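Report on the structure given below.
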Amino acid sequence: MCSVIGLFNVPEAAKYAYFGLFSLQHRGQEAAGIASSDGEKIYITKGRGLVTQVFDETKLTKLIGSSAVGHTRYSTAGEDSVLDAQPIFARYDLGQIAVVHNGNLTNAKQVRRELIKEGAIFQTFMDTENLIHLIARSHKEHLYDRIIEALQQIEGAYSLILLSRKKMFAVRDPYGFRPLSMAKLGDGWVVASETCAFDLIGAEYVRDIRPGELVVFEEGKEPRSIQVFEPTPHKCIFEYIYFARPDSNIFGKNVYKLRKAMGRELAKEYPVEADMVVPVPDSGVASAIGYSEESGIPFELGIIRNHYVGRTFIEPTQAIRDLKVKMKLNPIKNVIKGKRLVVIDDSIVRGTTSKKIVNILKDFGAKEVHMRISAPPTTGPCYYGVDTPTKEELISSRYSVEETRKYIGADTLAYLSIDGLLRSVGNDLSYCMACFDGNYPVPLKE
Ligand SMILES: O=P(O)(O)OC[C@H]1O[C@H](OP(=O)(O)OP(=O)(O)O)[C@H](O)[C@@H]1O
Ligand SMILES: NC(=O)CC[C@H](N)C(=O)O
Ligand code: SF4
Ligand SMILES: [Mg+2]
């Protein structure tokens with residue numbers, strides 16, 4: 001996952017991009033970057049680390065102009081290195097361009113191989129770089145036509161924002177895997193991965209960019225919409241389960257409300273006699289409230305999260321993930337001692353978190369630990385922007401529910417069913433659930 005933000009016709013655009021990215025930090029912790037334009041030239045700063053580590057007042061002041069694009073990165077392709085930070089910037093025959101991308105291109109290697117054969121020299125290992133090459137090599141006269149021509153050659157998941165010196169373009173793939181919304185800020189426009197970014201900078205939500213739609217922002221004109229591809233919606237349901245922030249509305253619905261609904265469904269499907277419902281913070285909290293409301297079992301914050309540690313799932317190495325779970329989560333002994341707990345988390349991916357948590361809870365004297373997961377078992381990898389690339393890494397692809405229960409050491413373990421998940425989203429069938437049901441909407445070419 002990554003986050004993208006774009007601002008057009010907003011004075012000091014880079015500063016707004018910075019604040020926007022700050023509220024989108026949960027979508028990527030590896031690298032951050034902003035490119036701005038004053039109409040004559042594009043300026044860019046990017047680096048490894050969190051938004052606050054990459055930027056300071058001096059750096060932001062140098063990013064002049066009233067348009068900007070920004071990115072926080074969690075790599076799905078390429079490397080976790082400074083070279084592979086976004087925006088990707090290039091000079092080419094039409095001028096200068098900067099691109100930010102959330103998603104993952106499923107034919108990236110093939111396109112890259114062909115481009116290299118034709119003489120292209122790649123600067124990064126990122127799938128996103130293909131796009132810049134395709135735009136630069138196009139023979140069309142206008143950037144707008146070149147973007148469309150490039151889009152016709154890429155496949156997979158993309159919520160993209162492209163910045164030229166004078167224009168901005170926002171586009172979502174025909175499946176709409178990743179969210180992308182637009183808002184009004186003063187006389188200008190903001191495009192961002194999640195609406196929580198709008199709240200922070202005081203922008204007013206207008207609408208979502210539609211699957212397959214390209215929106216062009218140009219000075220003195222209203223944004224122009226072109227439906228480049230026929231929409232075939234397969235919005236990522238895992239955005240609701242885990243990735244997005246609860247205070248965001250994505251794909252037209254509030255994340256917090258849906259997470260609570262998942263918790264309620266889970267309580268109906270898998271009730272258990274217990275003394276308290278305890279969430280695994282952060283993303284287990286909303287579904288635990290739902291479970292507690294439905295079951296009538298009191299909700300207790302039995303596990304406290306250290307807020308100076310980020311998300312563990314998106315850490316690239318296992319050793320760091322292991323360490324971070326312990327640094328991050330610690331139970332309140334006095335609350336849980338001698339008690340029967342229903343512990344709610346949103347997902348078990350590799351099993352790192354659940355195993356550690358059950359262990360510590362038992363060590364601290366919990367009488368019973370009943371693990372309840374507000375999503376179905378994650379049995380398949382994601383090729384569309386979530387970094388679960390191999391089946392081997394996914395505990396549910398190797399183990400049955402009973403084997404997983406034994407592995408994590410819980411007294412019982414149950415997952416929300418696929419039907420239960422669908423009920424929580426109002427039986428809307430326009431979601432991708434491939435990592436749970438194996439129905440991949442876009443086949444992986446390599
Ligand atoms: O089985 P695992 O491989 O451990 O992955 C699953 C865990 O990772 C995520 O939490 P994370 O710490 O990333 O973020 P959160 O604070 O938003 O819940 C998710 O909410 C689970 O708790
Ligand atoms: N998680 C993402 O959205 C990643 C975007 C892009 N594929 C990259 O690797 O940088
Ligand atoms: S495979 Fe899973 S994580 Fe990937 S887009 Fe589909 S629902 Fe989302
Ligand atoms: Mg978690």
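In the structure tokens, the first chain shown is A, the next is B, and so on; residue numbers restart at 1 for each chain, and ligands run from 1 in the order shown.
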Run DSSP on the backbone of this structure and report the residues of region 174-387 of chain A it assigns to strand (DSSP E), as a PyMOL selection string. chain A and resi 181-185+188-192+204-208+213-218+224-227+235-236+249-250+253-254+276-279+303-305+329-331+340-345+368-373
key: Protein and nucleic acid residues within 9 Å of ligand 1 (only C-alpha atoms and all ligand atoms) as a ChimeraX atom specification   = /A:26,241-245,280-285,305,307,309-315,318,321-322,324-325,328-329,345-356,393-395
Practice item. Determine which residues of region 234-305 of chain A receive a DSSP assignment of helix (DSSP H, G or I), computed from the backbone, and state them as a PyMOL selection string. Key: chain A and resi 237-243+255-269+285-295
- Task: Fewer than 6 positions away in the same chain doesn't count, so skip those; otherwise give me all residues within 12 Å of Tyr16 (chain A), counting only C-alpha atoms, as a ChimeraX atom specification.
- Result: /A:5-10,22-23,34-36,60-61,63-70,185,188-192,197-203
Take the selection from the previous step and output its residues with N, CA and C atoms, as a short mmCIF file (atom, residue, chain, number, x, y, z; two decimals), in the first residue's frame.
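Wrote part.cif, looks like this:
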```cif
data_model
loop_
_atom_site.label_atom_id
_atom_site.label_comp_id
_atom_site.auth_asym_id
_atom_site.auth_seq_id
_atom_site.Cartn_x
_atom_site.Cartn_y
_atom_site.Cartn_z
N ILE A 5 -1.13 12.02 -2.89
CA ILE A 5 -1.90 13.26 -2.74
C ILE A 5 -1.48 14.21 -3.85
N GLY A 6 -2.41 15.02 -4.31
CA GLY A 6 -2.09 16.01 -5.33
C GLY A 6 -2.87 17.28 -5.04
N LEU A 7 -2.22 18.44 -5.24
CA LEU A 7 -2.91 19.71 -5.04
C LEU A 7 -2.74 20.56 -6.28
N PHE A 8 -3.80 21.21 -6.70
CA PHE A 8 -3.72 22.03 -7.90
C PHE A 8 -4.34 23.39 -7.63
N ASN A 9 -3.58 24.42 -7.98
CA ASN A 9 -4.03 25.80 -7.77
C ASN A 9 -4.29 26.09 -6.29
N VAL A 10 -3.36 25.70 -5.46
CA VAL A 10 -3.44 25.95 -4.02
C VAL A 10 -2.13 26.62 -3.60
N PHE A 22 1.07 13.49 6.08
CA PHE A 22 1.16 13.17 7.50
C PHE A 22 -0.07 12.35 7.93
N SER A 23 -1.23 12.73 7.42
CA SER A 23 -2.44 11.98 7.80
C SER A 23 -2.58 10.68 7.00
N ILE A 34 7.74 14.67 -2.09
CA ILE A 34 6.82 15.67 -2.66
C ILE A 34 7.51 16.32 -3.87
N ALA A 35 6.75 16.54 -4.94
CA ALA A 35 7.22 17.34 -6.07
C ALA A 35 6.25 18.50 -6.24
N SER A 36 6.79 19.69 -6.49
CA SER A 36 5.90 20.84 -6.68
C SER A 36 6.21 21.51 -8.01
N LEU A 60 10.80 22.14 2.80
CA LEU A 60 9.46 22.44 2.28
C LEU A 60 9.43 23.81 1.61
N THR A 61 10.15 24.76 2.18
CA THR A 61 10.16 26.11 1.63
C THR A 61 10.73 26.13 0.22
N LEU A 63 10.22 23.88 -1.98
CA LEU A 63 9.26 23.28 -2.92
C LEU A 63 8.20 24.31 -3.26
N ILE A 64 8.56 25.26 -4.14
CA ILE A 64 7.65 26.37 -4.40
C ILE A 64 6.58 26.00 -5.44
N GLY A 65 5.55 26.84 -5.48
CA GLY A 65 4.53 26.68 -6.51
C GLY A 65 3.17 26.33 -5.95
N SER A 66 2.17 26.45 -6.82
CA SER A 66 0.80 26.23 -6.36
C SER A 66 0.23 24.88 -6.82
N SER A 67 1.11 23.98 -7.26
CA SER A 67 0.65 22.61 -7.44
C SER A 67 1.72 21.65 -6.92
N ALA A 68 1.27 20.49 -6.46
CA ALA A 68 2.22 19.53 -5.87
C ALA A 68 1.62 18.14 -5.86
N VAL A 69 2.49 17.14 -5.91
CA VAL A 69 2.06 15.76 -5.68
C VAL A 69 2.95 15.16 -4.59
N GLY A 70 2.37 14.25 -3.79
CA GLY A 70 3.15 13.65 -2.71
C GLY A 70 2.85 12.16 -2.58
N LEU A 185 -10.41 22.97 -2.34
CA LEU A 185 -9.72 23.74 -1.29
C LEU A 185 -9.54 25.16 -1.81
N GLY A 188 -8.81 26.02 -5.43
CA GLY A 188 -8.07 24.90 -6.02
C GLY A 188 -8.67 23.54 -5.71
N TRP A 189 -7.90 22.52 -6.07
CA TRP A 189 -8.37 21.14 -5.96
C TRP A 189 -7.36 20.25 -5.24
N VAL A 190 -7.88 19.24 -4.56
CA VAL A 190 -7.03 18.26 -3.90
C VAL A 190 -7.50 16.87 -4.31
N VAL A 191 -6.55 15.99 -4.59
CA VAL A 191 -6.87 14.58 -4.86
C VAL A 191 -6.07 13.78 -3.83
N ALA A 192 -6.69 12.79 -3.19
CA ALA A 192 -5.93 12.02 -2.18
C ALA A 192 -6.47 10.61 -2.05
N ALA A 197 -7.20 12.94 4.77
CA ALA A 197 -6.27 14.00 4.36
C ALA A 197 -7.02 15.32 4.13
N PHE A 198 -8.24 15.21 3.60
CA PHE A 198 -9.04 16.43 3.36
C PHE A 198 -9.41 17.09 4.68
N ASP A 199 -9.81 16.25 5.65
CA ASP A 199 -10.23 16.79 6.94
C ASP A 199 -9.12 17.64 7.55
N LEU A 200 -7.90 17.12 7.51
CA LEU A 200 -6.78 17.82 8.15
C LEU A 200 -6.51 19.17 7.50
N ILE A 201 -6.54 19.23 6.17
CA ILE A 201 -6.18 20.50 5.52
C ILE A 201 -7.39 21.37 5.21
N GLY A 202 -8.56 20.96 5.67
CA GLY A 202 -9.76 21.78 5.50
C GLY A 202 -10.32 21.78 4.09
N ALA A 203 -10.09 20.70 3.33
CA ALA A 203 -10.63 20.61 1.98
C ALA A 203 -12.01 19.95 2.04
#
```
Next item on the list: Using only C-alpha atoms and all ligand atoms, determine which residues fall within 7 Å of ligand 3, then list them as JSON, numbers by chain.
Entry: {"A": [177, 235, 236, 237, 238, 239, 381, 382, 383, 384, 385, 386, 432, 433, 434, 435, 436, 440]}
- Message: Can you work out which residues are within 7 Å of ligand 2, considering only C-alpha atoms and all ligand atoms, and then hand them over as an MDAnalysis selection string?
- Response: chainID A and resid 1:3 73:78 84:86 101:105 126:128 385:387
Dump as a short mmCIF file (atom, residue, chain, number, x, y, z; two decimals), in the first residue's frame, selection limited to C-alpha atoms:
```cif
data_model
loop_
_atom_site.label_atom_id
_atom_site.label_comp_id
_atom_site.auth_asym_id
_atom_site.auth_seq_id
_atom_site.Cartn_x
_atom_site.Cartn_y
_atom_site.Cartn_z
CA MET A 1 0.00 0.00 0.00
CA CYS A 2 1.02 3.57 -0.51
CA SER A 3 -0.64 6.92 -0.33
CA ARG A 73 5.64 4.38 0.15
CA TYR A 74 5.28 0.78 1.17
CA SER A 75 7.04 -1.10 -1.60
CA THR A 76 5.36 -3.85 -3.60
CA ALA A 77 7.82 -3.77 -6.47
CA GLY A 78 11.46 -2.79 -6.58
CA ASP A 84 12.90 3.67 -5.12
CA ALA A 85 11.12 6.55 -3.44
CA GLN A 86 8.36 8.48 -5.17
CA HIS A 101 1.40 5.71 -7.68
CA ASN A 102 -0.58 3.55 -5.29
CA GLY A 103 -1.09 0.03 -6.56
CA ASN A 104 0.91 -2.58 -8.40
CA LEU A 105 1.24 -3.22 -12.12
CA MET A 126 9.80 0.29 -9.46
CA ASP A 127 6.91 -0.83 -11.64
CA THR A 128 5.79 2.81 -11.66
CA GLY A 385 -0.67 -3.28 -4.05
CA VAL A 386 -0.56 -5.13 -0.72
CA ASP A 387 2.79 -6.71 0.01
#
```
ask   = CA of Ser193 (chain A) and CA of Val425 (chain A), how far apart in Å?
value =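 These two atoms are separated by 19.8 Å.
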Skip region 116-120 of chain A itself and residues of its chain fewer than 2 positions away, then list as a PyMOL selection string all residues within 12 Å of it, counting only C-alpha atoms. chain A and resi 109-114+122-124+129-130+132-134+136-137
Take the residues that were just selected and, keeping C-alpha atoms, output them as a PDB file, in the first residue's frame.
```pdb
ATOM      1  CA  LYS A 109       8.257  -6.939 -15.776  1.00  0.00           C
ATOM      2  CA  GLN A 110       7.160  -7.728 -19.283  1.00  0.00           C
ATOM      3  CA  VAL A 111       6.760  -4.047 -20.224  1.00  0.00           C
ATOM      4  CA  ARG A 112      10.067  -3.215 -18.594  1.00  0.00           C
ATOM      5  CA  ARG A 113      11.875  -5.972 -20.509  1.00  0.00           C
ATOM      6  CA  GLU A 114      10.492  -4.684 -23.798  1.00  0.00           C
ATOM      7  CA  PHE A 122      15.871   2.544 -16.022  1.00  0.00           C
ATOM      8  CA  GLN A 123      16.735   4.550 -12.900  1.00  0.00           C
ATOM      9  CA  THR A 124      14.747   2.515 -10.364  1.00  0.00           C
ATOM     10  CA  GLU A 129       8.808   3.858 -13.735  1.00  0.00           C
ATOM     11  CA  ASN A 130       7.347   2.078 -16.778  1.00  0.00           C
ATOM     12  CA  ILE A 132       7.262   7.598 -17.405  1.00  0.00           C
ATOM     13  CA  HIS A 133       9.047   5.709 -20.193  1.00  0.00           C
ATOM     14  CA  LEU A 134       5.818   4.940 -22.003  1.00  0.00           C
ATOM     15  CA  ALA A 136       8.205   9.841 -22.971  1.00  0.00           C
ATOM     16  CA  ARG A 137       8.334   7.410 -25.908  1.00  0.00           C
TER      17      ARG A 137
END
```
**Report entry** Selected residue, from A:Gln152, A:Ser374, A:Ser292, A:Thr379, that lies nearest to Ile135 (chain A) when counting only C-alpha atoms
**Finding:**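 Checking each candidate against Ile135 (chain A), we get A:Gln152 as the closest.
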Min atom-atom distance to Leu258 (chain A) from the set A:Val54, A:Ile88, A:Leu421, A:Leu180, counting only C-alpha atoms, belongs to A:Leu421
Q.
Give me, as a PyMOL selection string, all polymer residues having an atom no more than 10 Å from region 173-175 of chain A, counting only C-alpha atoms and skipping those fewer than 2 positions away in the same chain.
A. chain A and resi 103+151+154-160+171+177-178+209-214+227-236+430-432+441-442
Put those residues in a file: N, CA and C atoms, as a compact mmCIF listing (two decimals), in the first residue's frame.
```txt
# COMPACT_ATOMS: atom_id res chain seq x y z
N GLY A 103 -0.61 1.21 -5.85
CA GLY A 103 -1.09 0.03 -6.56
C GLY A 103 0.09 -0.81 -7.00
N LEU A 151 -1.48 4.35 -20.45
CA LEU A 151 -2.42 3.58 -19.61
C LEU A 151 -2.90 2.33 -20.35
N ILE A 154 -0.51 -0.59 -19.67
CA ILE A 154 -0.23 -1.13 -18.33
C ILE A 154 -1.47 -1.86 -17.80
N GLU A 155 -1.22 -2.84 -16.93
CA GLU A 155 -2.31 -3.63 -16.35
C GLU A 155 -2.13 -3.70 -14.84
N GLY A 156 -3.25 -3.92 -14.16
CA GLY A 156 -3.17 -4.11 -12.72
C GLY A 156 -3.80 -2.97 -11.96
N ALA A 157 -3.21 -2.64 -10.80
CA ALA A 157 -3.82 -1.67 -9.90
C ALA A 157 -3.06 -0.35 -9.93
N TYR A 158 -3.79 0.71 -10.15
CA TYR A 158 -3.16 2.03 -10.06
C TYR A 158 -4.14 3.14 -9.73
N SER A 159 -3.83 3.85 -8.65
CA SER A 159 -4.40 5.16 -8.41
C SER A 159 -3.21 6.09 -8.56
N LEU A 160 -3.25 6.91 -9.61
CA LEU A 160 -2.07 7.69 -10.00
C LEU A 160 -2.37 9.17 -10.00
N VAL A 171 -5.85 9.55 -12.03
CA VAL A 171 -6.46 8.42 -12.75
C VAL A 171 -6.55 7.18 -11.87
N PHE A 177 -9.24 -0.70 -7.78
CA PHE A 177 -8.70 -1.43 -6.62
C PHE A 177 -8.41 -0.49 -5.44
N ARG A 178 -7.72 0.61 -5.73
CA ARG A 178 -7.30 1.52 -4.66
C ARG A 178 -8.18 2.76 -4.64
N ILE A 209 -12.82 9.69 -7.60
CA ILE A 209 -12.46 9.50 -9.01
C ILE A 209 -13.03 8.12 -9.35
N ARG A 210 -13.70 7.98 -10.48
CA ARG A 210 -14.35 6.71 -10.80
C ARG A 210 -13.36 5.69 -11.37
N PRO A 211 -13.61 4.40 -11.16
CA PRO A 211 -12.76 3.40 -11.81
C PRO A 211 -12.69 3.66 -13.32
N GLY A 212 -11.48 3.67 -13.87
CA GLY A 212 -11.31 3.89 -15.31
C GLY A 212 -11.36 5.34 -15.74
N GLU A 213 -11.47 6.25 -14.77
CA GLU A 213 -11.61 7.67 -15.12
C GLU A 213 -10.28 8.42 -15.01
N LEU A 214 -10.11 9.39 -15.89
CA LEU A 214 -8.95 10.31 -15.85
C LEU A 214 -9.51 11.71 -15.66
N GLN A 227 -13.70 9.22 -19.31
CA GLN A 227 -13.81 7.81 -18.93
C GLN A 227 -12.96 7.02 -19.93
N VAL A 228 -11.71 6.74 -19.55
CA VAL A 228 -10.78 6.10 -20.48
C VAL A 228 -11.14 4.63 -20.68
N PHE A 229 -11.51 3.98 -19.59
CA PHE A 229 -11.84 2.55 -19.66
C PHE A 229 -13.25 2.31 -19.11
N GLU A 230 -13.90 1.33 -19.65
CA GLU A 230 -15.18 0.85 -19.12
C GLU A 230 -14.92 0.38 -17.68
N PRO A 231 -15.66 0.89 -16.69
CA PRO A 231 -15.39 0.45 -15.31
C PRO A 231 -15.86 -0.98 -15.04
N THR A 232 -15.01 -1.76 -14.36
CA THR A 232 -15.39 -3.10 -13.91
C THR A 232 -14.98 -3.22 -12.44
N PRO A 233 -15.74 -2.56 -11.55
CA PRO A 233 -15.30 -2.37 -10.17
C PRO A 233 -14.94 -3.65 -9.41
N HIS A 234 -13.76 -3.65 -8.83
CA HIS A 234 -13.28 -4.68 -7.91
C HIS A 234 -12.48 -3.98 -6.81
N LYS A 235 -13.18 -3.17 -6.01
CA LYS A 235 -12.50 -2.37 -5.00
C LYS A 235 -11.94 -3.28 -3.90
N CYS A 236 -10.78 -2.96 -3.42
CA CYS A 236 -10.08 -3.83 -2.45
C CYS A 236 -10.79 -3.84 -1.10
N SER A 430 -19.24 -5.64 -5.66
CA SER A 430 -18.24 -4.98 -6.51
C SER A 430 -16.87 -4.88 -5.83
N TYR A 431 -16.57 -5.81 -4.95
CA TYR A 431 -15.27 -5.79 -4.27
C TYR A 431 -14.36 -6.92 -4.74
N CYS A 432 -13.05 -6.66 -4.69
CA CYS A 432 -12.07 -7.73 -4.86
C CYS A 432 -11.91 -8.38 -3.49
N PRO A 441 -9.21 -10.84 -10.15
CA PRO A 441 -9.80 -10.18 -11.30
C PRO A 441 -8.81 -9.92 -12.44
N VAL A 442 -7.54 -9.70 -12.12
CA VAL A 442 -6.54 -9.50 -13.18
C VAL A 442 -5.49 -10.59 -13.01
```
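With distances taken over only C-alpha atoms and all ligand atoms, A:Ile303 is the one residue among A:Ile303, A:Asp208, A:Leu50, A:Ala366 lying closest to ligand 4.
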Could you work out how far CA of Asp145 (chain A) lies from CA of Ser164 (chain A), giving the answer in Å with one decimal?
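Computing it gives 13.6 Å between the two atoms.
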*asked:* Here is a test: counting only C-alpha atoms, which residue of A:Gly338, A:Gly20, A:Ile418, A:Ile148 is nearest to Thr195 (chain A)?
replied: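 The shortest atom-to-atom distance to Thr195 (chain A) comes from A:Gly20.
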| Which of A:Pro298, A:Glu141, A:Thr106, A:Lys326 sits closest to Pro443 (chain A) [using only C-alpha atoms] |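 Of A:Pro298, A:Glu141, A:Thr106, A:Lys326, the one nearest Pro443 (chain A), counting only C-alpha atoms, is A:Thr106.
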Practice item. Write out as a ChimeraX atom specification which residues come within 7 Å of Ile297 (chain A) when counting only C-alpha atoms, dropping same-chain ones fewer than 6 positions away. Key: /A:275-277
Got time to write the residues from that selection, N, CA and C atoms, as an mmCIF file, in the first residue's frame?
```
data_model
loop_
_atom_site.group_PDB
_atom_site.id
_atom_site.type_symbol
_atom_site.label_atom_id
_atom_site.label_comp_id
_atom_site.auth_asym_id
_atom_site.auth_seq_id
_atom_site.Cartn_x
_atom_site.Cartn_y
_atom_site.Cartn_z
ATOM 1 N N ASP A 275 -15.498 -13.041 29.635
ATOM 2 C CA ASP A 275 -15.695 -11.925 30.567
ATOM 3 C C ASP A 275 -15.513 -10.572 29.895
ATOM 4 N N MET A 276 -14.678 -10.530 28.883
ATOM 5 C CA MET A 276 -14.470 -9.239 28.215
ATOM 6 C C MET A 276 -13.988 -9.409 26.775
ATOM 7 N N VAL A 277 -14.296 -8.379 25.977
ATOM 8 C CA VAL A 277 -13.820 -8.325 24.594
ATOM 9 C C VAL A 277 -12.625 -7.371 24.576
#
```
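The residue that comes closest to ligand 4, out of A:Ala150, A:Ala319, A:Ile304, A:Met182 and on the basis of only C-alpha atoms and all ligand atoms, is A:Ile304.
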Separating CA of Arg224 (chain A) from CA of Lys166 (chain A), to the nearest tenth of an Å, is a gap of 14.6 Å
